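Here is the file work.pdb (PDB, C-alpha atoms).
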```
ATOM      1  CA  MET A1494     109.291 128.887 120.461
ATOM      2  CA  LYS A1495     110.086 127.126 123.729
ATOM      3  CA  LEU A1496     108.786 123.695 124.516
ATOM      4  CA  LYS A1497     107.876 123.495 128.211
ATOM      5  CA  LEU A1498     106.080 120.240 128.693
ATOM      6  CA  GLY A1499     107.940 118.847 131.684
ATOM      7  CA  TYR A1500     108.752 115.168 132.016
ATOM      8  CA  ASN A1501     106.297 114.175 129.280
ATOM      9  CA  ARG A1502     107.828 116.527 126.719
ATOM     10  CA  LEU A1503     109.258 113.727 124.581
ATOM     11  CA  LEU A1504     106.006 111.779 124.802
ATOM     12  CA  VAL A1505     104.139 114.795 123.390
ATOM     13  CA  ILE A1506     106.770 115.369 120.690
ATOM     14  CA  GLY A1507     106.532 111.678 119.762
ATOM     15  CA  ILE A1508     102.735 111.906 119.497
ATOM     16  CA  ILE A1509     103.066 115.007 117.276
ATOM     17  CA  MET A1510     105.551 113.142 115.045
ATOM     18  CA  GLY A1511     103.256 110.118 114.799
ATOM     19  CA  VAL A1512     100.249 112.269 113.856
ATOM     20  CA  LEU A1513     102.342 114.276 111.344
ATOM     21  CA  ALA A1514     103.552 111.056 109.699
ATOM     22  CA  ALA A1515     100.001 109.712 109.527
ATOM     23  CA  ALA A1516      98.739 113.006 108.035
ATOM     24  CA  ALA A1517     101.528 112.998 105.418
ATOM     25  CA  GLN A1518     100.359 109.574 104.272
ATOM     26  CA  ALA A1519      96.611 110.106 104.572
ATOM     27  CA  PHE A1520      96.313 113.536 102.946
ATOM     28  CA  PHE A1521      99.590 114.372 101.144
ATOM     29  CA  GLN A1522     100.259 111.225  99.116
ATOM     30  CA  VAL A1523     103.439 110.203 100.948
ATOM     31  CA  GLN A1524     102.854 106.538 100.063
ATOM     32  CA  PRO A1525     103.317 103.738  99.051
ATOM     33  CA  PRO A1526     104.695 102.044 101.067
ATOM     34  CA  VAL A1527     102.395 102.549 104.032
ATOM     35  CA  ALA A1528     103.521 104.275 107.258
ATOM     36  CA  ASN A1529     106.245 106.082 105.334
ATOM     37  CA  GLY A1530     105.497 109.654 106.449
ATOM     38  CA  ILE A1531     108.722 109.804 108.449
ATOM     39  CA  SER A1532     111.646 107.550 107.608
ATOM     40  CA  PHE A1533     115.347 108.123 108.100
ATOM     41  CA  LEU A1534     116.405 105.213 105.953
ATOM     42  CA  GLY A1535     113.636 105.131 103.365
ATOM     43  CA  HIS A1536     113.644 108.864 102.599
ATOM     44  CA  PRO A1537     117.448 109.270 102.496
ATOM     45  CA  ARG A1538     117.533 106.188 100.225
ATOM     46  CA  GLU A1539     114.853 107.668  97.933
ATOM     47  CA  LEU A1540     116.672 111.014  97.827
ATOM     48  CA  LEU A1541     120.024 109.392  97.024
ATOM     49  CA  ASN A1542     118.502 107.047  94.430
ATOM     50  CA  TRP A1543     116.661 109.971  92.808
ATOM     51  CA  ILE A1544     119.876 112.004  92.555
ATOM     52  CA  VAL A1545     121.903 109.031  91.231
ATOM     53  CA  ASP A1546     119.199 108.193  88.684
ATOM     54  CA  LYS A1547     118.999 111.808  87.472
ATOM     55  CA  LEU A1548     122.761 112.357  87.337
ATOM     56  CA  PHE A1549     123.996 109.006  86.046
ATOM     57  CA  GLY A1550     120.912 107.440  84.464
ATOM     58  CA  ALA A1551     121.103 104.513  86.873
ATOM     59  CA  ASN A1552     117.982 102.509  87.549
ATOM     60  CA  TRP A1553     117.960 102.423  91.332
ATOM     61  CA  PRO A1554     114.435 101.915  92.678
ATOM     62  CA  ILE A1555     112.254 104.923  93.553
ATOM     63  CA  THR A1556     108.728 104.574  94.965
ATOM     64  CA  LYS A1557     105.800 105.980  92.982
ATOM     65  CA  ALA A1558     105.289 109.024  95.210
ATOM     66  CA  PHE A1559     108.816 110.326  94.608
ATOM     67  CA  ILE A1560     109.436 109.710  90.908
ATOM     68  CA  LEU A1561     109.067 113.385  89.901
ATOM     69  CA  TYR A1562     110.367 115.041  93.076
ATOM     70  CA  PRO A1563     112.357 113.335  95.853
ATOM     71  CA  PRO A1564     111.415 113.260  99.550
ATOM     72  CA  LEU A1565     112.936 116.274 101.291
ATOM     73  CA  THR A1566     112.582 115.096 104.889
ATOM     74  CA  VAL A1567     116.307 115.006 105.599
ATOM     75  CA  ILE A1568     116.834 118.435 104.000
ATOM     76  CA  GLY A1569     114.008 119.758 106.195
ATOM     77  CA  VAL A1570     115.507 118.217 109.331
ATOM     78  CA  LEU A1571     118.942 119.659 108.588
ATOM     79  CA  ILE A1572     117.451 123.138 107.977
ATOM     80  CA  GLY A1573     115.072 122.882 110.974
ATOM     81  CA  SER A1574     117.865 121.822 113.293
ATOM     82  CA  PHE A1575     120.158 124.517 111.856
ATOM     83  CA  ILE A1576     117.516 127.225 112.457
ATOM     84  CA  ALA A1577     116.737 125.985 115.986
ATOM     85  CA  ALA A1578     120.437 125.839 116.895
ATOM     86  CA  GLY A1579     121.033 129.299 115.404
ATOM     87  CA  ARG A1580     118.094 130.875 117.235
ATOM     88  CA  ASN A1581     119.316 129.470 120.536
ATOM     89  CA  LYS A1582     123.003 130.282 120.023
ATOM     90  CA  GLU A1583     123.969 126.605 119.900
ATOM     91  CA  LEU A1584     125.182 126.596 116.304
ATOM     92  CA  LYS A1585     128.884 125.896 116.132
ATOM     93  CA  LEU A1586     131.228 123.197 114.902
ATOM     94  CA  ARG A1587     132.145 120.872 117.761
ATOM     95  CA  PRO A1588     133.261 117.267 118.095
ATOM     96  CA  GLY A1589     131.098 114.258 118.819
ATOM     97  CA  PRO A1590     129.008 112.318 119.413
ATOM     98  CA  VAL A1591     131.656 109.836 118.158
ATOM     99  CA  ARG A1592     134.978 111.641 118.378
ATOM    100  CA  LYS A1593     136.899 109.528 115.852
ATOM    101  CA  LYS A1594     135.648 110.675 112.445
ATOM    102  CA  VAL A1595     136.467 107.473 110.550
ATOM    103  CA  LEU A1596     134.745 105.413 113.232
ATOM    104  CA  ALA A1597     131.658 107.640 112.988
ATOM    105  CA  ALA A1598     131.567 107.108 109.205
ATOM    106  CA  ILE A1599     131.940 103.317 109.630
ATOM    107  CA  PHE A1600     129.061 103.269 112.113
ATOM    108  CA  GLY A1601     126.918 105.247 109.645
ATOM    109  CA  PHE A1602     127.805 102.774 106.891
ATOM    110  CA  LEU A1603     126.839  99.793 109.072
ATOM    111  CA  VAL A1604     123.587 101.356 110.292
ATOM    112  CA  ALA A1605     122.554 102.046 106.670
ATOM    113  CA  ASN A1606     123.242  98.486 105.540
ATOM    114  CA  PHE A1607     121.624  96.720 108.499
ATOM    115  CA  GLY A1608     118.686  99.128 108.438
ATOM    116  CA  LEU A1609     118.073  98.577 104.733
ATOM    117  CA  LEU A1610     118.264  94.830 105.303
ATOM    118  CA  TRP A1611     115.127  95.184 107.431
ATOM    119  CA  GLY A1612     113.892  98.072 105.290
ATOM    120  CA  ALA A1613     113.184 100.817 107.816
ATOM    121  CA  CYS A1614     114.757 103.001 110.490
ATOM    122  CA  ASP A1615     113.728 102.811 114.133
ATOM    123  CA  MET A1616     111.187 105.647 113.753
ATOM    124  CA  ARG A1617     109.430 104.089 110.760
ATOM    125  CA  THR A1618     109.531 100.752 112.570
ATOM    126  CA  ALA A1619     107.550 102.419 115.373
ATOM    127  CA  LEU A1620     105.122 103.854 112.788
ATOM    128  CA  LEU A1621     104.707 100.411 111.217
ATOM    129  CA  VAL A1622     104.002  98.969 114.668
ATOM    130  CA  SER A1623     101.242 101.557 115.042
ATOM    131  CA  TYR A1624     100.004 100.482 111.578
ATOM    132  CA  GLY A1625      99.595  96.955 112.955
ATOM    133  CA  SER A1626     102.504  95.227 111.192
ATOM    134  CA  ILE A1627     103.582  91.965 112.861
ATOM    135  CA  LEU A1628     106.912  92.068 110.993
ATOM    136  CA  ALA A1629     107.582  95.544 112.440
ATOM    137  CA  VAL A1630     106.931  94.235 115.964
ATOM    138  CA  ILE A1631     109.556  91.537 115.351
ATOM    139  CA  ALA A1632     111.929  94.194 113.972
ATOM    140  CA  LEU A1633     111.343  96.437 117.005
ATOM    141  CA  VAL A1634     112.066  93.550 119.388
ATOM    142  CA  SER A1635     115.255  92.831 117.382
ATOM    143  CA  ILE A1636     116.271  96.499 117.628
ATOM    144  CA  VAL A1637     115.701  96.437 121.410
ATOM    145  CA  ILE A1638     117.867  93.286 121.711
ATOM    146  CA  GLY A1639     120.563  94.903 119.530
ATOM    147  CA  VAL A1640     120.502  98.042 121.704
ATOM    148  CA  ALA A1641     120.752  95.935 124.880
ATOM    149  CA  LEU A1642     123.700  93.934 123.500
ATOM    150  CA  ALA A1643     125.548  97.113 122.527
ATOM    151  CA  GLY A1644     124.777  98.727 125.877
ATOM    152  CA  PHE A1645     126.110  95.766 127.852
ATOM    153  CA  TYR A1646     129.143  95.554 125.558
ATOM    154  CA  MET A1647     129.944  99.239 126.157
ATOM    155  CA  GLN A1648     129.432  98.849 129.910
ATOM    156  CA  SER A1649     131.796  95.865 130.091
ATOM    157  CA  ALA A1650     134.351  97.659 127.890
ATOM    158  CA  ALA A1651     134.187 100.691 130.202
ATOM    159  CA  ARG A1652     134.659  98.468 133.286
ATOM    160  CA  LYS A1653     137.690  96.773 131.696
ATOM    161  CA  GLY A1654     139.100 100.181 130.795
ATOM    162  CA  MET A1655     138.720 101.361 134.408
ATOM    163  CA  SER A1656     140.294  98.231 135.881
ATOM    164  CA  GLN A1657     143.401  98.526 133.678
TER     165      GLN A1657
ATOM    166  CA  MET B1009     105.206 117.893  94.059
ATOM    167  CA  ILE B1010     102.795 117.543  97.014
ATOM    168  CA  PRO B1011     104.656 114.620  98.688
ATOM    169  CA  ALA B1012     107.995 116.455  98.333
ATOM    170  CA  ILE B1013     106.623 119.641  99.947
ATOM    171  CA  ALA B1014     104.839 117.628 102.661
ATOM    172  CA  THR B1015     108.067 115.811 103.568
ATOM    173  CA  LEU B1016     109.975 119.110 103.589
ATOM    174  CA  VAL B1017     107.459 120.688 105.991
ATOM    175  CA  VAL B1018     107.410 117.598 108.236
ATOM    176  CA  GLY B1019     111.214 117.564 108.148
ATOM    177  CA  LEU B1020     111.451 121.234 109.152
ATOM    178  CA  LEU B1021     109.076 120.715 112.082
ATOM    179  CA  ILE B1022     110.706 117.559 113.433
ATOM    180  CA  GLY B1023     114.183 118.989 112.818
ATOM    181  CA  TYR B1024     113.328 122.022 114.942
ATOM    182  CA  MET B1025     111.684 119.917 117.650
ATOM    183  CA  GLY B1026     114.567 117.439 117.588
ATOM    184  CA  GLN B1027     117.136 120.167 118.182
ATOM    185  CA  ARG B1028     115.160 121.662 121.068
ATOM    186  CA  SER B1029     114.706 118.268 122.710
ATOM    187  CA  THR B1030     116.909 115.203 123.087
ATOM    188  CA  PHE B1031     114.547 113.043 121.063
ATOM    189  CA  CYS B1032     116.200 109.768 120.059
ATOM    190  CA  THR B1033     114.421 106.444 120.025
ATOM    191  CA  ILE B1034     117.607 104.358 120.251
ATOM    192  CA  SER B1035     118.925 106.351 123.236
ATOM    193  CA  GLY B1036     115.480 105.993 124.789
ATOM    194  CA  ILE B1037     115.653 102.200 124.640
ATOM    195  CA  ARG B1038     119.285 102.255 125.865
ATOM    196  CA  ASP B1039     118.503 104.540 128.816
ATOM    197  CA  LEU B1040     115.534 102.386 129.814
ATOM    198  CA  ILE B1041     117.558  99.162 129.747
ATOM    199  CA  LEU B1042     120.826 100.387 131.276
ATOM    200  CA  ARG B1043     119.744 103.260 133.545
ATOM    201  CA  ARG B1044     116.091 102.438 134.246
ATOM    202  CA  ASN B1045     115.302 105.962 132.976
ATOM    203  CA  SER B1046     112.136 106.205 130.888
ATOM    204  CA  TYR B1047     112.370 109.921 129.940
ATOM    205  CA  ARG B1048     113.645 109.449 126.380
ATOM    206  CA  PHE B1049     111.834 106.143 125.893
ATOM    207  CA  ARG B1050     108.574 108.083 126.084
ATOM    208  CA  GLY B1051     109.403 109.521 122.656
ATOM    209  CA  LEU B1052     109.237 106.067 121.081
ATOM    210  CA  VAL B1053     106.003 105.326 122.928
ATOM    211  CA  GLY B1054     104.693 108.701 121.727
ATOM    212  CA  ILE B1055     105.336 107.891 118.059
ATOM    213  CA  ILE B1056     103.429 104.615 118.379
ATOM    214  CA  ILE B1057     100.529 106.319 120.193
ATOM    215  CA  GLY B1058     100.522 109.227 117.709
ATOM    216  CA  GLY B1059     100.594 106.801 114.788
ATOM    217  CA  VAL B1060      97.694 104.751 116.144
ATOM    218  CA  ILE B1061      95.637 107.902 116.815
ATOM    219  CA  GLY B1062      96.554 109.480 113.451
ATOM    220  CA  PHE B1063      95.975 106.439 111.248
ATOM    221  CA  THR B1064      92.714 105.537 113.014
ATOM    222  CA  VAL B1065      91.247 109.049 112.969
ATOM    223  CA  PHE B1066      92.408 109.853 109.426
ATOM    224  CA  LYS B1067      91.006 106.576 108.095
ATOM    225  CA  PHE B1068      87.723 107.344 109.859
ATOM    226  CA  ILE B1069      87.457 110.820 108.288
ATOM    227  CA  GLY B1070      88.292 109.557 104.795
ATOM    228  CA  GLY B1071      92.079 109.822 104.524
ATOM    229  CA  ASP B1072      94.070 107.424 102.361
ATOM    230  CA  VAL B1073      95.050 104.736 104.890
ATOM    231  CA  PRO B1074      94.957 101.422 102.964
ATOM    232  CA  SER B1075      95.214  97.955 104.540
ATOM    233  CA  PHE B1076      95.052  99.379 108.072
ATOM    234  CA  PRO B1077      95.687  97.483 110.299
ATOM    235  CA  LEU B1078      98.277  95.448 108.397
ATOM    236  CA  GLY B1079      98.295  92.330 110.577
ATOM    237  CA  MET B1080     100.314  89.297 109.499
ATOM    238  CA  ASP B1081     102.760  90.532 106.841
ATOM    239  CA  ILE B1082     105.533  87.925 107.095
ATOM    240  CA  VAL B1083     105.726  86.771 103.465
ATOM    241  CA  SER B1084     108.685  84.353 103.651
ATOM    242  CA  PRO B1085     111.207  82.894 106.109
ATOM    243  CA  GLY B1086     113.978  84.781 104.284
ATOM    244  CA  ILE B1087     112.283  88.130 104.918
ATOM    245  CA  LEU B1088     111.835  87.199 108.581
ATOM    246  CA  ILE B1089     115.548  86.353 108.958
ATOM    247  CA  ALA B1090     116.581  89.562 107.162
ATOM    248  CA  THR B1091     114.278  91.536 109.483
ATOM    249  CA  ILE B1092     115.781  90.014 112.630
ATOM    250  CA  ILE B1093     119.419  90.412 111.490
ATOM    251  CA  GLY B1094     118.716  93.934 110.184
ATOM    252  CA  GLY B1095     116.966  94.959 113.413
ATOM    253  CA  LEU B1096     119.739  93.574 115.615
ATOM    254  CA  GLY B1097     122.434  95.345 113.569
ATOM    255  CA  LEU B1098     120.482  98.599 113.400
ATOM    256  CA  GLY B1099     120.066  98.658 117.178
ATOM    257  CA  PHE B1100     123.624  97.579 117.957
ATOM    258  CA  TRP B1101     125.452  99.984 115.634
ATOM    259  CA  SER B1102     123.127 102.897 116.427
ATOM    260  CA  VAL B1103     124.126 102.617 120.100
ATOM    261  CA  MET B1104     127.793 102.505 119.098
ATOM    262  CA  ALA B1105     127.192 105.658 117.014
ATOM    263  CA  GLU B1106     125.379 107.274 119.995
ATOM    264  CA  GLY B1107     122.145 108.016 118.200
ATOM    265  CA  CYS B1108     119.565 106.896 115.662
ATOM    266  CA  PRO B1109     119.763 108.155 112.029
ATOM    267  CA  TYR B1110     117.224 110.915 112.844
ATOM    268  CA  ARG B1111     119.269 112.155 115.808
ATOM    269  CA  GLN B1112     122.435 112.102 113.695
ATOM    270  CA  HIS B1113     120.747 114.329 111.074
ATOM    271  CA  VAL B1114     119.668 116.745 113.832
ATOM    272  CA  MET B1115     123.170 116.810 115.348
ATOM    273  CA  ALA B1116     124.728 117.345 111.905
ATOM    274  CA  GLY B1117     122.408 120.355 111.441
ATOM    275  CA  GLU B1118     123.662 121.929 114.675
ATOM    276  CA  GLY B1119     127.323 121.408 113.742
ATOM    277  CA  ARG B1120     128.435 118.157 115.408
ATOM    278  CA  VAL B1121     131.407 116.979 113.341
ATOM    279  CA  GLY B1122     131.037 113.305 114.319
ATOM    280  CA  ALA B1123     127.438 113.336 113.061
ATOM    281  CA  ILE B1124     128.509 114.914 109.754
ATOM    282  CA  PHE B1125     131.015 112.080 109.221
ATOM    283  CA  TYR B1126     128.369 109.572 110.317
ATOM    284  CA  LEU B1127     126.094 110.888 107.548
ATOM    285  CA  LEU B1128     128.929 110.638 105.036
ATOM    286  CA  GLY B1129     129.322 106.946 105.883
ATOM    287  CA  PHE B1130     125.538 106.531 106.042
ATOM    288  CA  TYR B1131     124.948 107.754 102.476
ATOM    289  CA  ILE B1132     127.942 105.770 101.149
ATOM    290  CA  GLY B1133     126.386 102.791 102.962
ATOM    291  CA  ILE B1134     123.058 103.306 101.163
ATOM    292  CA  ALA B1135     124.842 103.403  97.787
ATOM    293  CA  TYR B1136     126.870 100.305  98.737
ATOM    294  CA  PHE B1137     123.659  98.511  99.678
ATOM    295  CA  PHE B1138     122.252  99.011  96.180
ATOM    296  CA  ILE B1139     125.505  98.191  94.389
ATOM    297  CA  VAL B1140     126.628  95.163  96.438
ATOM    298  CA  THR B1141     124.489  94.075  99.414
ATOM    299  CA  VAL B1142     121.191  93.832  97.544
ATOM    300  CA  LYS B1143     122.675  91.361  95.038
ATOM    301  CA  TRP B1144     123.863  89.053  97.829
ATOM    302  CA  LEU B1145     120.469  89.424  99.486
ATOM    303  CA  ASP B1146     118.625  88.445  96.289
ATOM    304  CA  LEU B1147     120.878  85.400  95.927
ATOM    305  CA  LEU B1148     120.298  84.302  99.532
ATOM    306  CA  LEU B1149     116.524  84.853  99.310
ATOM    307  CA  SER B1150     116.334  82.875  96.056
ATOM    308  CA  ILE B1151     118.179  79.956  97.720
ATOM    309  CA  MET B1152     115.800  80.037 100.703
ATOM    310  CA  ARG B1153     112.631  79.997  98.566
TER     311      ARG B1153
END
```

For this file, produce the structure as structure tokens.
Amino acid sequence: MKLKLGYNRLLVIGIIMGVLAAAAQAFFQVQPPVANGISFLGHPRELLNWIVDKLFGANWPITKAFILYPPLTVIGVLIGSFIAAGRNKELKLRPGPVRKKVLAAIFGFLVANFGLLWGACDMRTALLVSYGSILAVIALVSIVIGVALAGFYMQSAARKGMSQ
Amino acid sequence: MIPAIATLVVGLLIGYMGQRSTFCTISGIRDLILRRNSYRFRGLVGIIIGGVIGFTVFKFIGGDVPSFPLGMDIVSPGILIATIIGGLGLGFWSVMAEGCPYRQHVMAGEGRVGAIFYLLGFYIGIAYFFIVTVKWLDLLLSIMR
């Protein structure tokens, strides 16, 4: 399968993702909470909590939809990406995107904690915006400001590095 | 069982599409701001458009789409502050990590070592949130009420 959609390819993929997430909620019981068809903080959290609860008898919160079986979105993404990379001869261990492994893990740790503070990843934030949530609009604006701050910080750090 | 299978199928599809494209909402925002390049940003716009179309159409044909549109859902000042701080941190550290959590999962699937270590920290971070952060959050929110 080759995706040849030109410059609007990502727009089309985004629309497909949005419709898939809406269908998962509307027809396949992937709720509550609403607009939770795709989430890369909510679903990993549910999966981890489900495993911890089953293994250690902890009482970490799990939403109603995933009490019996956990969300498998992240497993699906890992397998889907693995298959796509394998089919296109791109599957191999290589460094990056962050080359220092400890730094990459620290960034992951921080993203998880800040994301859970708001309660959603960037993709679910976009879905919540499409669901009409005012809070999600505020979160999306905050994410944009955070991205801009980091971008300008990296640019200035790169300039300093070049001048030295 | 149905939600688990549905999420697995959705995951497989978006995992495949993610590997064959450079889809990343955080990189899209970054590219738009720093390079004036809207190519990746269109993915974020696409999700919002797809969500609006999907939720509206599925509600119209009888799907389970409660409380749509949500509207004003700011329940307390504490939640608002947590949302702003959380959003800022999510955006900032995702740029430093060179990708959103979705992109990192896709890159881990294709063998990027940095993304695999990112996910290690990410899942430890989720556990830490429930063991430590959430207790501080409850305390702060109770003070602000």

Pairwise distance for atom CA of A:Leu1620 and atom CA of B:Ile1055, rounded to one decimal in Å: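 Computing the Euclidean distance for atom CA of A:Leu1620 and atom CA of B:Ile1055 yields 6.6 Å.
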
Do you know which residues the PyMOL selection byres ((chain A and resi 1633) around 10) returns on this file, as a compact mmCIF listing (two decimals) with C-alpha atoms, in the frame of the given file?
```txt
# COMPACT_ATOMS: atom_id res chain seq x y z
CA CYS A 1614 114.76 103.00 110.49
CA ASP A 1615 113.73 102.81 114.13
CA MET A 1616 111.19 105.65 113.75
CA THR A 1618 109.53 100.75 112.57
CA ALA A 1619 107.55 102.42 115.37
CA LEU A 1621 104.71 100.41 111.22
CA VAL A 1622 104.00 98.97 114.67
CA ILE A 1627 103.58 91.96 112.86
CA LEU A 1628 106.91 92.07 110.99
CA ALA A 1629 107.58 95.54 112.44
CA VAL A 1630 106.93 94.24 115.96
CA ILE A 1631 109.56 91.54 115.35
CA ALA A 1632 111.93 94.19 113.97
CA VAL A 1634 112.07 93.55 119.39
CA SER A 1635 115.26 92.83 117.38
CA ILE A 1636 116.27 96.50 117.63
CA VAL A 1637 115.70 96.44 121.41
CA ILE A 1638 117.87 93.29 121.71
CA GLY A 1639 120.56 94.90 119.53
CA THR B 1091 114.28 91.54 109.48
CA ILE B 1092 115.78 90.01 112.63
CA GLY B 1095 116.97 94.96 113.41
CA LEU B 1096 119.74 93.57 115.62
CA GLY B 1099 120.07 98.66 117.18
```

Given only C-alpha atoms as the counted atoms, nearest of A:Trp1543, A:Phe1533, A:Phe1521, A:Phe1559 to B:Tyr1110: A:Phe1533

Take the point (96.7, 109.1, 112.1) in the file's coordinates, draw a sphere of radius 10 Å around it, and report as a PDB file with C-alpha atoms, in the coordinates of the input every protein, DNA or RNA residue with an atom inside or on it, counting all atoms listed in the file.
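Produced file result-v3.pdb, reproduced below:
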```pdb
ATOM      1  CA  ILE A1508     102.735 111.906 119.497  1.00  0.00           C
ATOM      2  CA  GLY A1511     103.256 110.118 114.799  1.00  0.00           C
ATOM      3  CA  VAL A1512     100.249 112.269 113.856  1.00  0.00           C
ATOM      4  CA  LEU A1513     102.342 114.276 111.344  1.00  0.00           C
ATOM      5  CA  ALA A1514     103.552 111.056 109.699  1.00  0.00           C
ATOM      6  CA  ALA A1515     100.001 109.712 109.527  1.00  0.00           C
ATOM      7  CA  ALA A1516      98.739 113.006 108.035  1.00  0.00           C
ATOM      8  CA  ALA A1517     101.528 112.998 105.418  1.00  0.00           C
ATOM      9  CA  GLN A1518     100.359 109.574 104.272  1.00  0.00           C
ATOM     10  CA  ALA A1519      96.611 110.106 104.572  1.00  0.00           C
ATOM     11  CA  ALA A1528     103.521 104.275 107.258  1.00  0.00           C
ATOM     12  CA  LEU A1620     105.122 103.854 112.788  1.00  0.00           C
ATOM     13  CA  SER A1623     101.242 101.557 115.042  1.00  0.00           C
ATOM     14  CA  TYR A1624     100.004 100.482 111.578  1.00  0.00           C
TER      15      TYR A1624
ATOM     16  CA  ILE B1057     100.529 106.319 120.193  1.00  0.00           C
ATOM     17  CA  GLY B1058     100.522 109.227 117.709  1.00  0.00           C
ATOM     18  CA  GLY B1059     100.594 106.801 114.788  1.00  0.00           C
ATOM     19  CA  VAL B1060      97.694 104.751 116.144  1.00  0.00           C
ATOM     20  CA  ILE B1061      95.637 107.902 116.815  1.00  0.00           C
ATOM     21  CA  GLY B1062      96.554 109.480 113.451  1.00  0.00           C
ATOM     22  CA  PHE B1063      95.975 106.439 111.248  1.00  0.00           C
ATOM     23  CA  THR B1064      92.714 105.537 113.014  1.00  0.00           C
ATOM     24  CA  VAL B1065      91.247 109.049 112.969  1.00  0.00           C
ATOM     25  CA  PHE B1066      92.408 109.853 109.426  1.00  0.00           C
ATOM     26  CA  LYS B1067      91.006 106.576 108.095  1.00  0.00           C
ATOM     27  CA  PHE B1068      87.723 107.344 109.859  1.00  0.00           C
ATOM     28  CA  GLY B1071      92.079 109.822 104.524  1.00  0.00           C
ATOM     29  CA  VAL B1073      95.050 104.736 104.890  1.00  0.00           C
TER      30      VAL B1073
END
```

Atom pair atom CA of A:Arg1538 / atom CA of B:Pro1011: separation (Å): 15.5 Å

Non-local contacts of B:Asp1146 (12 Å; all atoms listed in the file; under 4 positions in same chain excluded) as number ranges by chain: A: 1610; B: 1086-1087, 1090, 1137-1138, 1140-1142, 1150-1153

Could you write those residues out with C-alpha atoms, as a short mmCIF file (atom, residue, chain, number, x, y, z; two decimals), keeping the file's coordinate frame?
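Final output, saved to again-v1.cif:
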```cif
data_model
loop_
_atom_site.label_atom_id
_atom_site.label_comp_id
_atom_site.auth_asym_id
_atom_site.auth_seq_id
_atom_site.Cartn_x
_atom_site.Cartn_y
_atom_site.Cartn_z
CA LEU A 1610 118.26 94.83 105.30
CA GLY B 1086 113.98 84.78 104.28
CA ILE B 1087 112.28 88.13 104.92
CA ALA B 1090 116.58 89.56 107.16
CA PHE B 1137 123.66 98.51 99.68
CA PHE B 1138 122.25 99.01 96.18
CA VAL B 1140 126.63 95.16 96.44
CA THR B 1141 124.49 94.08 99.41
CA VAL B 1142 121.19 93.83 97.54
CA SER B 1150 116.33 82.88 96.06
CA ILE B 1151 118.18 79.96 97.72
CA MET B 1152 115.80 80.04 100.70
CA ARG B 1153 112.63 80.00 98.57
#
```

Residue among B:Cys1032, B:Ile1037, B:Ile1069, B:Val1018 lying closest to A:Asn1529, counting only C-alpha atoms: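 Of B:Cys1032, B:Ile1037, B:Ile1069, B:Val1018, the one nearest A:Asn1529 is B:Val1018, counting only C-alpha atoms.
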
Atom CA of A:Asp1546 to atom CA of B:Ala1135, straight-line distance in Å: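 Separation between atom CA of B:Ala1135 and atom CA of A:Asp1546: 11.7 Å.
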
Could you complete stretch 1637-1648 of chain A so that it carries N, CA and C atoms, and give it back as a PDB file, keeping the file's coordinate frame?
```
ATOM      1  N   VAL A1637     115.540  96.342 119.950  1.00  0.00           N
ATOM      2  CA  VAL A1637     115.701  96.437 121.410  1.00  0.00           C
ATOM      3  C   VAL A1637     116.809  95.486 121.876  1.00  0.00           C
ATOM      4  N   ILE A1638     116.823  94.260 121.326  1.00  0.00           N
ATOM      5  CA  ILE A1638     117.867  93.286 121.711  1.00  0.00           C
ATOM      6  C   ILE A1638     119.243  93.799 121.253  1.00  0.00           C
ATOM      7  N   GLY A1639     119.305  94.338 120.041  1.00  0.00           N
ATOM      8  CA  GLY A1639     120.563  94.903 119.530  1.00  0.00           C
ATOM      9  C   GLY A1639     121.064  96.043 120.400  1.00  0.00           C
ATOM     10  N   VAL A1640     120.149  96.915 120.826  1.00  0.00           N
ATOM     11  CA  VAL A1640     120.502  98.042 121.704  1.00  0.00           C
ATOM     12  C   VAL A1640     121.027  97.512 123.039  1.00  0.00           C
ATOM     13  N   ALA A1641     120.336  96.506 123.592  1.00  0.00           N
ATOM     14  CA  ALA A1641     120.752  95.935 124.880  1.00  0.00           C
ATOM     15  C   ALA A1641     122.151  95.322 124.764  1.00  0.00           C
ATOM     16  N   LEU A1642     122.384  94.560 123.695  1.00  0.00           N
ATOM     17  CA  LEU A1642     123.700  93.934 123.500  1.00  0.00           C
ATOM     18  C   LEU A1642     124.798  94.992 123.429  1.00  0.00           C
ATOM     19  N   ALA A1643     124.552  96.044 122.664  1.00  0.00           N
ATOM     20  CA  ALA A1643     125.548  97.113 122.527  1.00  0.00           C
ATOM     21  C   ALA A1643     125.769  97.831 123.854  1.00  0.00           C
ATOM     22  N   GLY A1644     124.677  98.061 124.579  1.00  0.00           N
ATOM     23  CA  GLY A1644     124.777  98.727 125.877  1.00  0.00           C
ATOM     24  C   GLY A1644     125.623  97.928 126.853  1.00  0.00           C
ATOM     25  N   PHE A1645     125.351  96.614 126.932  1.00  0.00           N
ATOM     26  CA  PHE A1645     126.110  95.766 127.852  1.00  0.00           C
ATOM     27  C   PHE A1645     127.567  95.648 127.399  1.00  0.00           C
ATOM     28  N   TYR A1646     127.772  95.609 126.082  1.00  0.00           N
ATOM     29  CA  TYR A1646     129.143  95.554 125.558  1.00  0.00           C
ATOM     30  C   TYR A1646     129.916  96.816 125.965  1.00  0.00           C
ATOM     31  N   MET A1647     129.275  97.972 125.816  1.00  0.00           N
ATOM     32  CA  MET A1647     129.944  99.239 126.157  1.00  0.00           C
ATOM     33  C   MET A1647     130.208  99.333 127.659  1.00  0.00           C
ATOM     34  N   GLN A1648     129.246  98.841 128.448  1.00  0.00           N
ATOM     35  CA  GLN A1648     129.432  98.849 129.910  1.00  0.00           C
ATOM     36  C   GLN A1648     130.621  97.982 130.310  1.00  0.00           C
TER      37      GLN A1648
END
```
